[in-house]
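Here is the structure we will look at, set down as structure tokens.
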Amino acid sequence: MQLVKGLFKIPAFLLGLFLFAATLALAFLGPLVFHVDVSTRVGDPYMAPSAAHWLGTDHLGVDMLSMLVMGLRASLYVGFLAGVVATIVGTLIGVYGGYKGGLLDDILTVLTNLFLVIPTLIVLILLSSSMDKGRSLTLIALIIGGTTWTWSARAVRAQSSSLRARDHVALARINGFSTLEIVLEQILPYLLSYIFMVFILQTATAILTEATISMLGLGPYDSISLGKILNDAKTNEALIGGKWWAFMPAMVLVTVIAFSLYVINTAMEGVFNPRLRK
Amino acid sequence: MTDALKFQAKNISRVFGHGKKSVTAVDNVTFEIRDREIISLVGQSGCGKTVLAKMLLRLETPTSGELLFNGKPITATGDPRNHWRQVQAVFQDPFSCFNQFFTIRSQLKSSFRLFETKPSPGEIEERVDQALLAVNIKPKEVEGKYPFELSGGQMQRMLLARIFILKPQVLIADEPTSMVDACSRASILDYLLKLKEELSMTIVFVTHDIGLAYYISDSLYIMHKGKMVDRGAPDDVIKHPTSDVTKQLLEDIPDVHRQWIARGTPVHAAE
């Protein structure tokens, strides 16, 4: 509890939290404040911002603010789902390998390193372009999660293998705890703050990755995402035409989400990792 | 005293790693531990005494040699839990021995999972209370408390309370007194003697303090760099040390223990 209180005294953490809360508010409370509609044309293509349409319209004449809200939701969904998948897969592999040690650990480490050197982006591009129609938001999130878990696995493995040598684990063993019980009761609780930090990083990475592949035109077919808004702006000559409202707000939003999550993570690491504490 | 053997080690070694980087923690050691005896493994840090203790506990496996428990190879019973019903341990650092996410009482209760027939919930509570009283702690004192809310001395007594619950044949005490104050140290030694006398326990006392070892044990084994360099009855080892390591250890004795030795009445002699 002391640690959590300490966290709220760090300005960087508060800034990160505020920015992230603001993006969440825009995504989920926004529709309560203004009318969100992405299926009707409300005006001409690329209308400049006005009182009626605060961020103007896109190349089809759809309200840009509505597009942003829906895109933001999609990006958060991808980030969250991919973050959860990557954290769970990485944590399981890392904790088990780190605790068990020996041959099993070696095999899992080799597997992790193998996945680590596979260039995620290229795999994603290949997978996305090979799956023409079925490219849903969920599938993209799963692919991102399934290729980026190596970060969690490596981070968690290191912690787990140091916990393994602790006396309380030895005591649990001579108390007759099974390996699974030791991992769940004696090791995981000690790693919770750590795993939470890893999850934040994984989420931020996933949001950026989704934006990148959508920007390249390989995003989901079934929904709008921040990356897709950027792609639309690019393919429909908003950049050349100087229609800044078609791409600037989306760029800012992606940056703000990733920035806020990184700042939160850094601040938490300073508090939870005693070695970084001054 | 019966001469039945609890442990017999024949040329056991434990090597970590392979090839050039390998480290021999325990090097070709032969010894035996008789029933109802307090033996001490004495040596400086890194001499291999803890690794040897872990082999007796079946937490480490010898890389060569034979280790017998009650006349049978230590791995004869497939399920290590059979071994842990009979051989238990208290460790050096009482704070790191308990999981900080659970209450002390719930962790003491988890010891009952080793029992072949688990007592009823009511009986478990009762036996935990008895074990706490055996180490002079009122059950109310620790009710709902977490490990970090107790003092080092109290925590070390919690580890001993666990032993009063499990009542093993052999207790491996790995430096149980090195992290507590002088007052708690004396009481922990008293509890060890109580365990030996009341529950006829065999005790393996691992320490770097030869004075304490002399005070409490029936036999002394001095270890250095994985080998046993001196052994025998405490009086013989202390008065006629044969190795330089023993002489060095004797020079490092704290003054208070030197006085015990000078008085010449260790506990085992007074019996």
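We label chains A, B, ... in the order they appear in the structure tokens, count residues from 1 in each chain, and number ligands from 1 in the order shown.
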Using only C-alpha atoms, find the residues of chain B whose closest atom to chain A is at most 10 Å away, then write them as a count of residues only.
38
Within segment 37-160 of chain A, find each residue whose DSSP state, derived from the backbone, is alpha helix (DSSP H), and express the selection as a PyMOL selection string.
chain A and resi 64-100+102-117+120-130+137-148+150-160
Within 8 Å of segment 87-94 of chain A, which residues of segment 171-236 of chain A show up? Give each one with its shortest atom-to-atom distance in Å (one decimal) and the two atoms involved, counting only C-alpha atoms, rows by chain then rising residue number, as CSV.
```
residue,atom,partner,partner_atom,distance
A:Ile195,CA,A:Thr87,CA,7.3
A:Val198,CA,A:Thr87,CA,7.0
A:Phe199,CA,A:Thr87,CA,5.6
A:Gln202,CA,A:Thr87,CA,7.1
```
Take the residues just selected and output them with C-alpha atoms as an mmCIF file, in the first residue's frame.
```
data_model
loop_
_atom_site.group_PDB
_atom_site.id
_atom_site.type_symbol
_atom_site.label_atom_id
_atom_site.label_comp_id
_atom_site.auth_asym_id
_atom_site.auth_seq_id
_atom_site.Cartn_x
_atom_site.Cartn_y
_atom_site.Cartn_z
ATOM 1 C CA ILE A 195 3.480 -8.426 -14.672
ATOM 2 C CA VAL A 198 4.798 -5.667 -18.554
ATOM 3 C CA PHE A 199 1.117 -5.645 -19.526
ATOM 4 C CA GLN A 202 2.655 -4.826 -24.214
#
```
For each of B:Val23, B:Ile238, B:Leu68, B:Cys183, take the minimum atom-to-atom distance to Leu5 of chain B, counting only C-alpha atoms, then give the residue where this is smallest.
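Of the candidates, the smallest distance to Leu5 of chain B is held by B:Leu68.
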Pick out the residues sitting within 12 Å of Leu249 of chain B, and hand them over as a ChimeraX atom specification; count only C-alpha atoms, and ignore anything fewer than 2 positions along from it in its own chain.
/B:42-45,207-214,222-224,230,237-238,241,243-247,251-254,258
Pull C-alpha atoms from the residues just selected and write them as a CSV table (one decimal), in the first residue's frame.
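Final output, selection-v3.csv:
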```csv
chain,number,residue,atom,x,y,z
B,42,VAL,CA,30.6,-26.3,10.8
B,43,GLY,CA,32.4,-24.2,8.2
B,44,GLN,CA,32.8,-20.8,6.7
B,45,SER,CA,30.5,-19.4,4.0
B,207,THR,CA,26.6,-23.2,11.5
B,208,HIS,CA,29.7,-21.2,11.0
B,209,ASP,CA,30.0,-20.7,14.8
B,210,ILE,CA,32.1,-23.5,16.2
B,211,GLY,CA,31.4,-22.3,19.8
B,212,LEU,CA,27.7,-22.7,19.4
B,213,ALA,CA,28.2,-26.1,17.8
B,214,TYR,CA,30.4,-27.2,20.7
B,222,ILE,CA,34.2,-29.4,10.2
B,223,MET,CA,33.9,-28.6,6.5
B,224,HIS,CA,36.2,-26.7,4.2
B,230,ASP,CA,38.0,-32.6,11.0
B,237,VAL,CA,37.8,-31.5,18.0
B,238,ILE,CA,38.1,-28.4,20.1
B,241,PRO,CA,42.2,-29.7,16.2
B,243,SER,CA,43.4,-29.1,10.6
B,244,ASP,CA,44.3,-25.4,10.1
B,245,VAL,CA,40.7,-24.7,9.3
B,246,THR,CA,39.5,-25.9,12.7
B,247,LYS,CA,42.2,-23.8,14.3
B,251,GLU,CA,40.2,-18.3,16.8
B,252,ASP,CA,37.1,-16.7,15.4
B,253,ILE,CA,34.9,-17.8,18.2
B,254,PRO,CA,33.0,-14.9,19.9
B,258,ARG,CA,34.9,-19.1,24.5
```
Rank A:Met197, A:Ala12, A:Met215, A:Leu55 by their smallest atom-to-atom distance to Trp244 of chain A, using only C-alpha atoms, and report the top residue only.
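Of A:Met197, A:Ala12, A:Met215, A:Leu55, the one nearest Trp244 of chain A, counting only C-alpha atoms, is A:Leu55.
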Which polymer residues have any atom within 10 Å of an atom of Ile143 of chain A, counting only C-alpha atoms, with same-chain residues fewer than 2 positions away left out, as a ChimeraX atom specification?
/A:82,85-86,120,123-124,127-128,138-141,145-148,206
Keeping only N, CA and C atoms, write the selected residues as a tab-separated table (two decimals), in the first residue's frame.
```
chain	number	residue	atom	x	y	z
A	82	ALA	N	-4.46	-7.68	-27.35
A	82	ALA	CA	-3.12	-8.16	-27.66
A	82	ALA	C	-2.25	-8.12	-26.40
A	85	VAL	N	-3.20	-11.15	-24.25
A	85	VAL	CA	-2.68	-12.39	-24.82
A	85	VAL	C	-1.17	-12.49	-24.62
A	86	ALA	N	-0.47	-11.41	-24.98
A	86	ALA	CA	1.00	-11.44	-24.88
A	86	ALA	C	1.44	-11.62	-23.43
A	120	THR	N	8.46	-9.20	-36.12
A	120	THR	CA	7.01	-9.20	-35.94
A	120	THR	C	6.28	-8.49	-37.08
A	123	VAL	N	6.13	-10.48	-40.29
A	123	VAL	CA	5.17	-11.59	-40.16
A	123	VAL	C	3.75	-11.06	-40.26
A	124	LEU	N	3.51	-9.95	-39.56
A	124	LEU	CA	2.17	-9.37	-39.57
A	124	LEU	C	1.77	-8.94	-40.98
A	127	LEU	N	1.10	-12.11	-42.99
A	127	LEU	CA	-0.16	-12.75	-42.58
A	127	LEU	C	-1.35	-11.92	-43.03
A	128	SER	N	-1.25	-10.60	-42.81
A	128	SER	CA	-2.37	-9.74	-43.16
A	128	SER	C	-2.65	-9.76	-44.64
A	138	THR	N	-10.16	-8.49	-34.15
A	138	THR	CA	-9.77	-9.48	-33.15
A	138	THR	C	-8.62	-10.32	-33.65
A	139	LEU	N	-8.69	-10.73	-34.91
A	139	LEU	CA	-7.63	-11.58	-35.47
A	139	LEU	C	-6.30	-10.83	-35.45
A	140	ILE	N	-6.35	-9.57	-35.81
A	140	ILE	CA	-5.12	-8.78	-35.81
A	140	ILE	C	-4.56	-8.65	-34.40
A	141	ALA	N	-5.45	-8.45	-33.44
A	141	ALA	CA	-5.01	-8.38	-32.04
A	141	ALA	C	-4.35	-9.68	-31.62
A	145	GLY	N	-0.56	-10.19	-30.36
A	145	GLY	CA	-0.28	-10.81	-29.06
A	145	GLY	C	0.58	-12.06	-29.20
A	146	GLY	N	0.26	-12.84	-30.23
A	146	GLY	CA	0.96	-14.11	-30.42
A	146	GLY	C	2.39	-13.97	-30.90
A	147	THR	N	2.78	-12.77	-31.32
A	147	THR	CA	4.16	-12.60	-31.78
A	147	THR	C	4.99	-11.67	-30.88
A	148	THR	N	4.32	-10.96	-29.96
A	148	THR	CA	5.11	-10.02	-29.15
A	148	THR	C	5.28	-10.47	-27.70
A	206	ALA	N	1.32	-2.92	-28.73
A	206	ALA	CA	0.29	-3.45	-29.62
A	206	ALA	C	-0.45	-2.31	-30.33
```
To one decimal in Å, tell me the separation between atom CA of Val78 of chain A and atom CA of Thr203 of chain A.
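Computed distance, atom CA of Val78 of chain A to atom CA of Thr203 of chain A, equals 8.3 Å.
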Filtered DSSP result for segment 108-271 of chain B, state strand (DSSP E), as a list of chain:residue names:
B:Val170, B:Leu171, B:Ile172, B:Ala173, B:Asp174, B:Thr202, B:Ile203, B:Val204, B:Phe205, B:Val206, B:Thr207, B:Ser219, B:Leu220, B:Tyr221, B:Ile222, B:Met223, B:His224, B:Lys227, B:Met228, B:Val229, B:Asp230, B:Arg231, B:Gly232
Keeping only N, CA and C atoms, take the residues you just selected and write them out as a PDB file, in the first residue's frame.
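Just written: out34.pdb:
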```pdb
ATOM      1  N   VAL B 170      14.022 -36.307  11.795  1.00  0.00           N
ATOM      2  CA  VAL B 170      15.275 -35.565  11.677  1.00  0.00           C
ATOM      3  C   VAL B 170      14.961 -34.100  11.388  1.00  0.00           C
ATOM      4  N   LEU B 171      15.684 -33.215  12.073  1.00  0.00           N
ATOM      5  CA  LEU B 171      15.540 -31.795  11.784  1.00  0.00           C
ATOM      6  C   LEU B 171      16.873 -31.251  11.279  1.00  0.00           C
ATOM      7  N   ILE B 172      16.827 -30.614  10.112  1.00  0.00           N
ATOM      8  CA  ILE B 172      18.016 -29.955   9.589  1.00  0.00           C
ATOM      9  C   ILE B 172      17.889 -28.480   9.918  1.00  0.00           C
ATOM     10  N   ALA B 173      18.749 -27.976  10.773  1.00  0.00           N
ATOM     11  CA  ALA B 173      18.667 -26.569  11.161  1.00  0.00           C
ATOM     12  C   ALA B 173      19.818 -25.829  10.490  1.00  0.00           C
ATOM     13  N   ASP B 174      19.491 -25.092   9.427  1.00  0.00           N
ATOM     14  CA  ASP B 174      20.527 -24.419   8.649  1.00  0.00           C
ATOM     15  C   ASP B 174      20.729 -22.994   9.174  1.00  0.00           C
ATOM     16  N   THR B 202      16.527 -36.355  15.788  1.00  0.00           N
ATOM     17  CA  THR B 202      17.926 -36.265  15.386  1.00  0.00           C
ATOM     18  C   THR B 202      18.094 -34.884  14.779  1.00  0.00           C
ATOM     19  N   ILE B 203      19.131 -34.168  15.176  1.00  0.00           N
ATOM     20  CA  ILE B 203      19.255 -32.797  14.681  1.00  0.00           C
ATOM     21  C   ILE B 203      20.586 -32.575  13.978  1.00  0.00           C
ATOM     22  N   VAL B 204      20.499 -32.025  12.776  1.00  0.00           N
ATOM     23  CA  VAL B 204      21.701 -31.643  12.044  1.00  0.00           C
ATOM     24  C   VAL B 204      21.768 -30.122  12.105  1.00  0.00           C
ATOM     25  N   PHE B 205      22.758 -29.631  12.833  1.00  0.00           N
ATOM     26  CA  PHE B 205      22.863 -28.206  13.080  1.00  0.00           C
ATOM     27  C   PHE B 205      23.958 -27.644  12.179  1.00  0.00           C
ATOM     28  N   VAL B 206      23.549 -26.777  11.257  1.00  0.00           N
ATOM     29  CA  VAL B 206      24.521 -26.219  10.312  1.00  0.00           C
ATOM     30  C   VAL B 206      24.886 -24.816  10.794  1.00  0.00           C
ATOM     31  N   THR B 207      26.166 -24.549  10.969  1.00  0.00           N
ATOM     32  CA  THR B 207      26.553 -23.248  11.506  1.00  0.00           C
ATOM     33  C   THR B 207      27.971 -22.880  11.103  1.00  0.00           C
ATOM     34  N   SER B 219      28.379 -34.573  18.059  1.00  0.00           N
ATOM     35  CA  SER B 219      29.494 -34.769  17.131  1.00  0.00           C
ATOM     36  C   SER B 219      29.680 -33.504  16.311  1.00  0.00           C
ATOM     37  N   LEU B 220      30.909 -33.275  15.935  1.00  0.00           N
ATOM     38  CA  LEU B 220      31.217 -32.109  15.111  1.00  0.00           C
ATOM     39  C   LEU B 220      31.822 -32.570  13.794  1.00  0.00           C
ATOM     40  N   TYR B 221      31.372 -31.957  12.718  1.00  0.00           N
ATOM     41  CA  TYR B 221      32.013 -32.168  11.423  1.00  0.00           C
ATOM     42  C   TYR B 221      32.463 -30.802  10.924  1.00  0.00           C
ATOM     43  N   ILE B 222      33.745 -30.662  10.649  1.00  0.00           N
ATOM     44  CA  ILE B 222      34.240 -29.383  10.152  1.00  0.00           C
ATOM     45  C   ILE B 222      34.423 -29.504   8.641  1.00  0.00           C
ATOM     46  N   MET B 223      33.823 -28.572   7.916  1.00  0.00           N
ATOM     47  CA  MET B 223      33.930 -28.620   6.451  1.00  0.00           C
ATOM     48  C   MET B 223      34.744 -27.454   5.922  1.00  0.00           C
ATOM     49  N   HIS B 224      35.459 -27.720   4.837  1.00  0.00           N
ATOM     50  CA  HIS B 224      36.197 -26.657   4.159  1.00  0.00           C
ATOM     51  C   HIS B 224      36.310 -27.001   2.685  1.00  0.00           C
ATOM     52  N   LYS B 227      35.113 -30.385   1.502  1.00  0.00           N
ATOM     53  CA  LYS B 227      35.634 -31.608   2.142  1.00  0.00           C
ATOM     54  C   LYS B 227      35.440 -31.538   3.658  1.00  0.00           C
ATOM     55  N   MET B 228      35.404 -32.721   4.281  1.00  0.00           N
ATOM     56  CA  MET B 228      35.358 -32.750   5.739  1.00  0.00           C
ATOM     57  C   MET B 228      36.785 -32.836   6.239  1.00  0.00           C
ATOM     58  N   VAL B 229      37.202 -31.790   6.971  1.00  0.00           N
ATOM     59  CA  VAL B 229      38.607 -31.731   7.345  1.00  0.00           C
ATOM     60  C   VAL B 229      38.844 -32.174   8.788  1.00  0.00           C
ATOM     61  N   ASP B 230      37.790 -32.224   9.578  1.00  0.00           N
ATOM     62  CA  ASP B 230      37.956 -32.613  10.973  1.00  0.00           C
ATOM     63  C   ASP B 230      36.631 -33.182  11.461  1.00  0.00           C
ATOM     64  N   ARG B 231      36.671 -34.136  12.330  1.00  0.00           N
ATOM     65  CA  ARG B 231      35.417 -34.686  12.830  1.00  0.00           C
ATOM     66  C   ARG B 231      35.631 -35.395  14.155  1.00  0.00           C
ATOM     67  N   GLY B 232      34.561 -35.575  14.885  1.00  0.00           N
ATOM     68  CA  GLY B 232      34.680 -36.306  16.137  1.00  0.00           C
ATOM     69  C   GLY B 232      33.831 -35.699  17.230  1.00  0.00           C
TER      70      GLY B 232
END
```
Within 10 Å of Ile188 of chain B, counting only C-alpha atoms, which residues qualify if same-chain residues fewer than 3 places away don't, as number ranges by chain?
B: 135, 153, 156-157, 160, 176-177, 180, 182-185, 191-194
